[in-house]
Amino acid sequence: MRLITEVASAAGIHEEHLELYGKYKSKLSPSLWDELKHKQDGKLVLVTAMNPTPAGEGKTLTTIGLSQALNAAGVRTVAALREPSLGPTLGMKGGATGGGKAQIVPADEINLHFTGDIHAVTSAHNLLSAMIDNHLFQGNLLGLDPQCIVWKRVMDMNDRSLRSIVTGLGDGNGTVRESGFQITTASEIMAVLCLCDGLADLKKRLSRILVGYDQSGQPITAKDIGAVEAMTALLKEAVKPNLVQTLEGTPVIVHGGPFANIAHGCSSVIGTRYALKLGDVVVTEAGFGADLGAEKFMDIKCRQAGLTPAAAVLVVTVKSLKYNGGVRKDELHQTNQAALLSGISNMERHIENLGKFGVPVLVALNHFEGDAHSEINDVLEACRRLGVPAAVSRVWAEGGAGGLELAMELKKLLEQGEGRPAAFAPLYEDNLDIPAKIKKIVTEIYRGAEVVFSPAAKRSLAMIEKLGLHQLQVCMAKTPYSFSDQPRLLGAPEGFTMGVRDITLSLGAGFAVVITGNIVTMPGLPAQPAAEGIQVDLDGVINGLE
């Protein structure tokens with residue numbers, strides 16, 4: 001690893017703008033923005049993927065490797081990524097810093113506590129929770145209805161036993177009421193942190209956070225509770241983006257970490273804006289498949305921040321295509337052309353959907369050892385048939401050198417768009433009501449036939465109409481494994497019915513969270529958590545954090 005001061009210097013950042021966290025990590029000071037804000041933006045490239053499978057697609061890996069390859073090809077490139085959450089890191093997925101020769105470092109520190117941003121979000125969220133309960137205990141001057149409090153607590157760990165809890169038990173411990181925990185990455189404060197453009201905007205958004213309703217049904221906010229300034233104090237360092245590097249020294253801004261299946265799934269607006277001033281090209285990612293992460297990137301992040309993506313890279317793998325064609329996980333190493341060709345429908349659907357946003361698409365075929373040449377050729381031929389450029393990526397094994405073909409295809413795609421007016425547009429218009437926005441996503445992105453709202457969802461829609469909040473964007477909380485709300489419905493299903501279980505309001509973030517199927521905002525640990533495989537030697541070196 002190079003010293004972070006050296007990485008920053010090569011990126012044009014003077015040391016006076018760094019707030020160092022040791023030798024290899026740094027916060028970027030707001031003073032840097034004052035120096036950069038008048039520079040022209042680079043081109044923004046989104047890396048997304050087909051629906052995730054147990055075989056893994058390598059979206060973060062591809063983002064890192066592609067940024068290395070572009071720099072190797074002479075294109076000044078910065079990557080912008082999300083921060084890993086302890087829940088999946090110690091649960092099902094393991095670390096989220098890439099792999100092989102396409103990693104960001106120091107990986108163990110980034111995967112664990114990093115610079116404390118997620119902990120700060122946890123603290124700010126739970127401060128508001130504590131102040132709500134204290135308000136009830138101290139006389140409840142606002143008339144807050146204990147049965148209509150919507151603000152829960154959070155922690156940065158998968159723990160299904162905390163999804164539903166009862167608080168206030170025992171003499172003198174406050175109002176007894178039902179509540180629960182979410183994972184920190186699902187917190188509205190995480191979304192607010194990632195969508196704000198600075199401290200002033202952060203405060204405005206925090207003040208709008210809905211905590212519940214009074215006895216007459218009027219909304220009560222964090223501002224009403226008096227928590228905004230103290231929450232801001234806890235978040236004032238977290239709002240600053242973090243600078244790290246890849247194994248090849250490419251600068252990477254890692255900031256914010258909302259999940260894409262239960263939140264909006266994108267790294268921070270602030271981090272992206274810094275990156276756009278520092279690089280001629282910025283490679284960023286959005287979580288899970290394009291039906292979730294990319295849709296929210298386009299419809300929420302880009303809309304709110306005024307960003308215009310220049311291209312999208314869709315990551316696919318031979319194994320994942322076969323999985324979507326019906327092959328079991330333990331048989332994916334076997335050549336199966338029929339299943340591959342069937343599973344290509346999933347890739348085709350994502351390509352079509354990305355085109356609806358007016359963004360040119362490049363397919364990155366992430367190469368795994370053992371992929372058959374015939375199957376690789378089948379995927380490339382399908383892309384030719386669709387008129388979409390594609391390249392095989394070998395960044396895990398070869399680093400930037402293994403992504404040069406992909407980098408050159410992207411460079412060509414970006415050059416083709418130079419001088420043309422931007423064709424990008426979000427999927428739906430702000431002036432549509434919430435049900436119409438939901439239906440637009442379900443029918444045009446997921447390809448469902450209709451949407452059915454539960455009684456709870458209908459009550460939420462009535463409250464949204466009463467409060468005049470139709471201008472909110474929509475953040476779909478849905479299984480990542482299928483276009484539908486049914487995880488096992490693979491490939492490219494059509495004509496299904498999407499069930500909406502409830503709708504919650506994130507007024508600070510500016511969207512309504514639409515909860516579908518069996519999705520939960522507090523995941524559980526798997527039968528064999530990744531935590532079981534972690535070891536620390538007597539020198540403090542961590543092994544098994546992958």
# chains A, B, ... in the order shown; residues from 1 in each chain; ligands from 1
$ closest_atom_pairs --of "segment 37-98 of chain A" --to "segment 351-354 of chain A" --cutoff "10 Å" --atoms "only C-alpha atoms" --output "JSON lines"
{"residue": "A:Thr48", "atom": "CA", "partner": "A:Leu354", "partner_atom": "CA", "distance": 9.8}
{"residue": "A:Ala49", "atom": "CA", "partner": "A:Ile351", "partner_atom": "CA", "distance": 9.8}
{"residue": "A:Met50", "atom": "CA", "partner": "A:Ile351", "partner_atom": "CA", "distance": 9.1}
$ select_by_dssp --residues "segment 294-508 of chain A" --states "helix (DSSP H, G or I)" --output "PyMOL selection string"
chain A and resi 294-305+318-324+329-331+337-355+373-386+395-416+434-446+455-467
$ atom_distance --atom1 "atom CA of Gly524 of chain A" --atom2 "atom CA of Val451 of chain A"
27.6 Å
$ closest_atom_pairs --of "segment 134-202 of chain A" --to "segment 267-286 of chain A" --cutoff "7 Å" --atoms "only C-alpha atoms" --output "CSV"
residue,atom,partner,partner_atom,distance
A:Cys194,CA,A:Ser268,CA,3.8
A:Leu195,CA,A:Val269,CA,5.4
A:Cys196,CA,A:Val269,CA,6.7
A:Asp197,CA,A:Ile270,CA,5.6
$ residues_around --residues "Gly56 of chain A" --least-positions-apart "6" --cutoff "9 Å" --atoms "only C-alpha atoms" --output "compact mmCIF listing (two decimals) with N, CA and C atoms, in the first residue's frame"
# COMPACT_ATOMS: atom_id res chain seq x y z
N THR A 317 -22.24 -13.18 -15.12
CA THR A 317 -21.32 -14.31 -15.10
C THR A 317 -21.98 -15.51 -15.75
N LYS A 319 -21.93 -18.54 -14.60
CA LYS A 319 -22.58 -19.32 -13.56
C LYS A 319 -23.93 -18.72 -13.18
N SER A 320 -23.99 -17.42 -13.05
CA SER A 320 -25.25 -16.78 -12.65
C SER A 320 -26.31 -16.91 -13.73
$ atom_distance --atom1 "atom CA of His135 of chain A" --atom2 "atom CA of Gly468 of chain A"
27.3 Å
$ residues_around --residues "Lys204 of chain A" --least-positions-apart "3" --cutoff "10 Å" --atoms "only C-alpha atoms" --output "ChimeraX atom specification"
/A:192,196,199-201,207-209,223,228,508
$ atom_distance --atom1 "atom CA of Ile64 of chain A" --atom2 "atom CA of Val252 of chain A"
8.5 Å
$ closest_residue --among "A:Glu16, A:Asp133, A:Glu188, A:Asp145" --to "Ile225 of chain A" --atoms "only C-alpha atoms"
A:Asp133
$ select_by_dssp --residues "segment 351-381 of chain A" --states "strand (DSSP E)" --output "ChimeraX atom specification"
/A:361-366
$ write_last_selection --atoms "N, CA, C and O atoms" --output "JSON list (two decimals), in the first residue's frame"
[["chain", "number", "residue", "atom", "x", "y", "z"],
["A", 361, "VAL", "N", -25.34, 1.02, -22.49],
["A", 361, "VAL", "CA", -25.00, -0.11, -21.64],
["A", 361, "VAL", "C", -23.82, -0.88, -22.22],
["A", 361, "VAL", "O", -23.73, -1.10, -23.44],
["A", 362, "LEU", "N", -22.92, -1.31, -21.33],
["A", 362, "LEU", "CA", -21.81, -2.19, -21.67],
["A", 362, "LEU", "C", -21.90, -3.40, -20.75],
["A", 362, "LEU", "O", -22.05, -3.25, -19.54],
["A", 363, "VAL", "N", -21.81, -4.61, -21.31],
["A", 363, "VAL", "CA", -21.86, -5.83, -20.50],
["A", 363, "VAL", "C", -20.44, -6.24, -20.14],
["A", 363, "VAL", "O", -19.56, -6.35, -21.00],
["A", 364, "ALA", "N", -20.22, -6.47, -18.83],
["A", 364, "ALA", "CA", -18.95, -7.00, -18.34],
["A", 364, "ALA", "C", -19.16, -8.45, -17.94],
["A", 364, "ALA", "O", -19.88, -8.73, -16.98],
["A", 365, "LEU", "N", -18.56, -9.37, -18.68],
["A", 365, "LEU", "CA", -18.66, -10.79, -18.35],
["A", 365, "LEU", "C", -17.52, -11.12, -17.39],
["A", 365, "LEU", "O", -16.37, -11.28, -17.80],
["A", 366, "ASN", "N", -17.84, -11.19, -16.11],
["A", 366, "ASN", "CA", -16.85, -11.45, -15.07],
["A", 366, "ASN", "C", -16.41, -12.91, -15.16],
["A", 366, "ASN", "O", -17.20, -13.82, -14.93]]
$ residues_around --residues "Val318 of chain A" --least-positions-apart "3" --cutoff "7 Å" --atoms "only C-alpha atoms" --output "PDB file with all heavy atoms, in the first residue's frame"
ATOM      1  N   LEU A 321     -25.893 -16.863 -14.980  1.00  0.00           N
ATOM      2  CA  LEU A 321     -26.844 -17.059 -16.074  1.00  0.00           C
ATOM      3  C   LEU A 321     -27.397 -18.475 -16.049  1.00  0.00           C
ATOM      4  O   LEU A 321     -28.603 -18.688 -16.244  1.00  0.00           O
ATOM      5  CB  LEU A 321     -26.178 -16.754 -17.412  1.00  0.00           C
ATOM      6  CG  LEU A 321     -25.820 -15.277 -17.652  1.00  0.00           C
ATOM      7  CD1 LEU A 321     -24.917 -15.134 -18.866  1.00  0.00           C
ATOM      8  CD2 LEU A 321     -27.083 -14.437 -17.834  1.00  0.00           C
ATOM      9  N   LYS A 322     -26.541 -19.457 -15.793  1.00  0.00           N
ATOM     10  CA  LYS A 322     -27.012 -20.847 -15.711  1.00  0.00           C
ATOM     11  C   LYS A 322     -27.932 -21.029 -14.508  1.00  0.00           C
ATOM     12  O   LYS A 322     -28.927 -21.768 -14.585  1.00  0.00           O
ATOM     13  CB  LYS A 322     -25.820 -21.806 -15.637  1.00  0.00           C
ATOM     14  CG  LYS A 322     -25.093 -21.961 -16.971  1.00  0.00           C
ATOM     15  CD  LYS A 322     -24.055 -23.069 -16.962  1.00  0.00           C
ATOM     16  CE  LYS A 322     -22.846 -22.715 -16.129  1.00  0.00           C
ATOM     17  NZ  LYS A 322     -21.760 -23.717 -16.305  1.00  0.00           N
ATOM     18  N   ASP A 371     -14.808 -21.439 -16.481  1.00  0.00           N
ATOM     19  CA  ASP A 371     -15.825 -21.060 -17.473  1.00  0.00           C
ATOM     20  C   ASP A 371     -15.459 -21.656 -18.824  1.00  0.00           C
ATOM     21  O   ASP A 371     -14.323 -21.507 -19.293  1.00  0.00           O
ATOM     22  CB  ASP A 371     -15.910 -19.534 -17.598  1.00  0.00           C
ATOM     23  CG  ASP A 371     -16.589 -18.866 -16.409  1.00  0.00           C
ATOM     24  OD1 ASP A 371     -17.144 -19.588 -15.568  1.00  0.00           O
ATOM     25  OD2 ASP A 371     -16.544 -17.628 -16.332  1.00  0.00           O
ATOM     26  N   GLU A 375     -19.399 -21.362 -23.619  1.00  0.00           N
ATOM     27  CA  GLU A 375     -20.420 -20.610 -22.894  1.00  0.00           C
ATOM     28  C   GLU A 375     -20.108 -19.116 -22.893  1.00  0.00           C
ATOM     29  O   GLU A 375     -21.019 -18.290 -22.995  1.00  0.00           O
ATOM     30  CB  GLU A 375     -20.534 -21.148 -21.466  1.00  0.00           C
ATOM     31  CG  GLU A 375     -21.098 -22.577 -21.427  1.00  0.00           C
ATOM     32  CD  GLU A 375     -21.243 -23.126 -20.034  1.00  0.00           C
ATOM     33  OE1 GLU A 375     -20.364 -22.862 -19.195  1.00  0.00           O
ATOM     34  OE2 GLU A 375     -22.250 -23.821 -19.773  1.00  0.00           O
ATOM     35  N   ILE A 376     -18.830 -18.774 -22.778  1.00  0.00           N
ATOM     36  CA  ILE A 376     -18.437 -17.369 -22.887  1.00  0.00           C
ATOM     37  C   ILE A 376     -18.853 -16.819 -24.251  1.00  0.00           C
ATOM     38  O   ILE A 376     -19.418 -15.725 -24.357  1.00  0.00           O
ATOM     39  CB  ILE A 376     -16.921 -17.217 -22.675  1.00  0.00           C
ATOM     40  CG1 ILE A 376     -16.559 -17.526 -21.220  1.00  0.00           C
ATOM     41  CG2 ILE A 376     -16.450 -15.813 -23.062  1.00  0.00           C
ATOM     42  CD1 ILE A 376     -15.078 -17.588 -20.956  1.00  0.00           C
TER      43      ILE A 376
END
$ residues_around --residues "Thr250 of chain A" --least-positions-apart "2" --cutoff "8 Å" --atoms "only C-alpha atoms" --output "number ranges by chain"
A: 7, 67-68, 71, 77-79, 245-248, 252
$ write_last_selection --atoms "N, CA and C atoms" --output "short mmCIF file (atom, residue, chain, number, x, y, z; two decimals), in the first residue's frame"
data_model
loop_
_atom_site.label_atom_id
_atom_site.label_comp_id
_atom_site.auth_asym_id
_atom_site.auth_seq_id
_atom_site.Cartn_x
_atom_site.Cartn_y
_atom_site.Cartn_z
N VAL A 7 -1.28 8.87 -2.36
CA VAL A 7 -2.45 8.63 -3.23
C VAL A 7 -3.19 9.94 -3.46
N SER A 67 -11.81 0.53 -12.57
CA SER A 67 -11.14 1.81 -12.27
C SER A 67 -9.63 1.68 -12.43
N GLN A 68 -9.08 0.54 -12.01
CA GLN A 68 -7.65 0.29 -12.19
C GLN A 68 -7.29 0.21 -13.67
N ASN A 71 -7.30 3.68 -15.42
CA ASN A 71 -6.08 4.42 -15.10
C ASN A 71 -4.89 3.86 -15.86
N THR A 77 -9.06 8.25 -13.43
CA THR A 77 -10.29 7.63 -12.91
C THR A 77 -10.28 7.56 -11.40
N VAL A 78 -11.44 7.81 -10.81
CA VAL A 78 -11.66 7.68 -9.38
C VAL A 78 -12.86 6.76 -9.19
N ALA A 79 -12.80 5.87 -8.21
CA ALA A 79 -13.95 5.02 -7.90
C ALA A 79 -14.69 5.58 -6.70
N GLN A 245 -7.59 3.47 -1.26
CA GLN A 245 -6.96 3.17 -2.54
C GLN A 245 -7.19 1.72 -2.93
N THR A 246 -7.00 1.42 -4.20
CA THR A 246 -7.00 0.03 -4.65
C THR A 246 -5.59 -0.53 -4.51
N LEU A 247 -5.44 -1.82 -4.76
CA LEU A 247 -4.13 -2.45 -4.70
C LEU A 247 -3.14 -1.82 -5.68
N GLU A 248 -3.66 -1.17 -6.72
CA GLU A 248 -2.80 -0.53 -7.72
C GLU A 248 -2.70 0.98 -7.52
N VAL A 252 -9.97 5.88 -4.24
CA VAL A 252 -11.35 5.41 -4.08
C VAL A 252 -12.00 6.19 -2.94
#
$ closest_atom_pairs --of "segment 273-312 of chain A" --to "segment 416-429 of chain A" --cutoff "9 Å" --atoms "only C-alpha atoms" --output "JSON lines"
{"residue": "A:Glu295", "atom": "CA", "partner": "A:Leu427", "partner_atom": "CA", "distance": 8.1}
{"residue": "A:Met298", "atom": "CA", "partner": "A:Pro426", "partner_atom": "CA", "distance": 5.8}
{"residue": "A:Asp299", "atom": "CA", "partner": "A:Pro426", "partner_atom": "CA", "distance": 5.1}
{"residue": "A:Ile300", "atom": "CA", "partner": "A:Pro426", "partner_atom": "CA", "distance": 8.5}
{"residue": "A:Cys302", "atom": "CA", "partner": "A:Pro426", "partner_atom": "CA", "distance": 8.2}
{"residue": "A:Arg303", "atom": "CA", "partner": "A:Pro426", "partner_atom": "CA", "distance": 7.0}
{"residue": "A:Thr308", "atom": "CA", "partner": "A:Phe424", "partner_atom": "CA", "distance": 6.5}
{"residue": "A:Pro309", "atom": "CA", "partner": "A:Phe424", "partner_atom": "CA", "distance": 7.2}
{"residue": "A:Ala310", "atom": "CA", "partner": "A:Gly417", "partner_atom": "CA", "distance": 7.7}
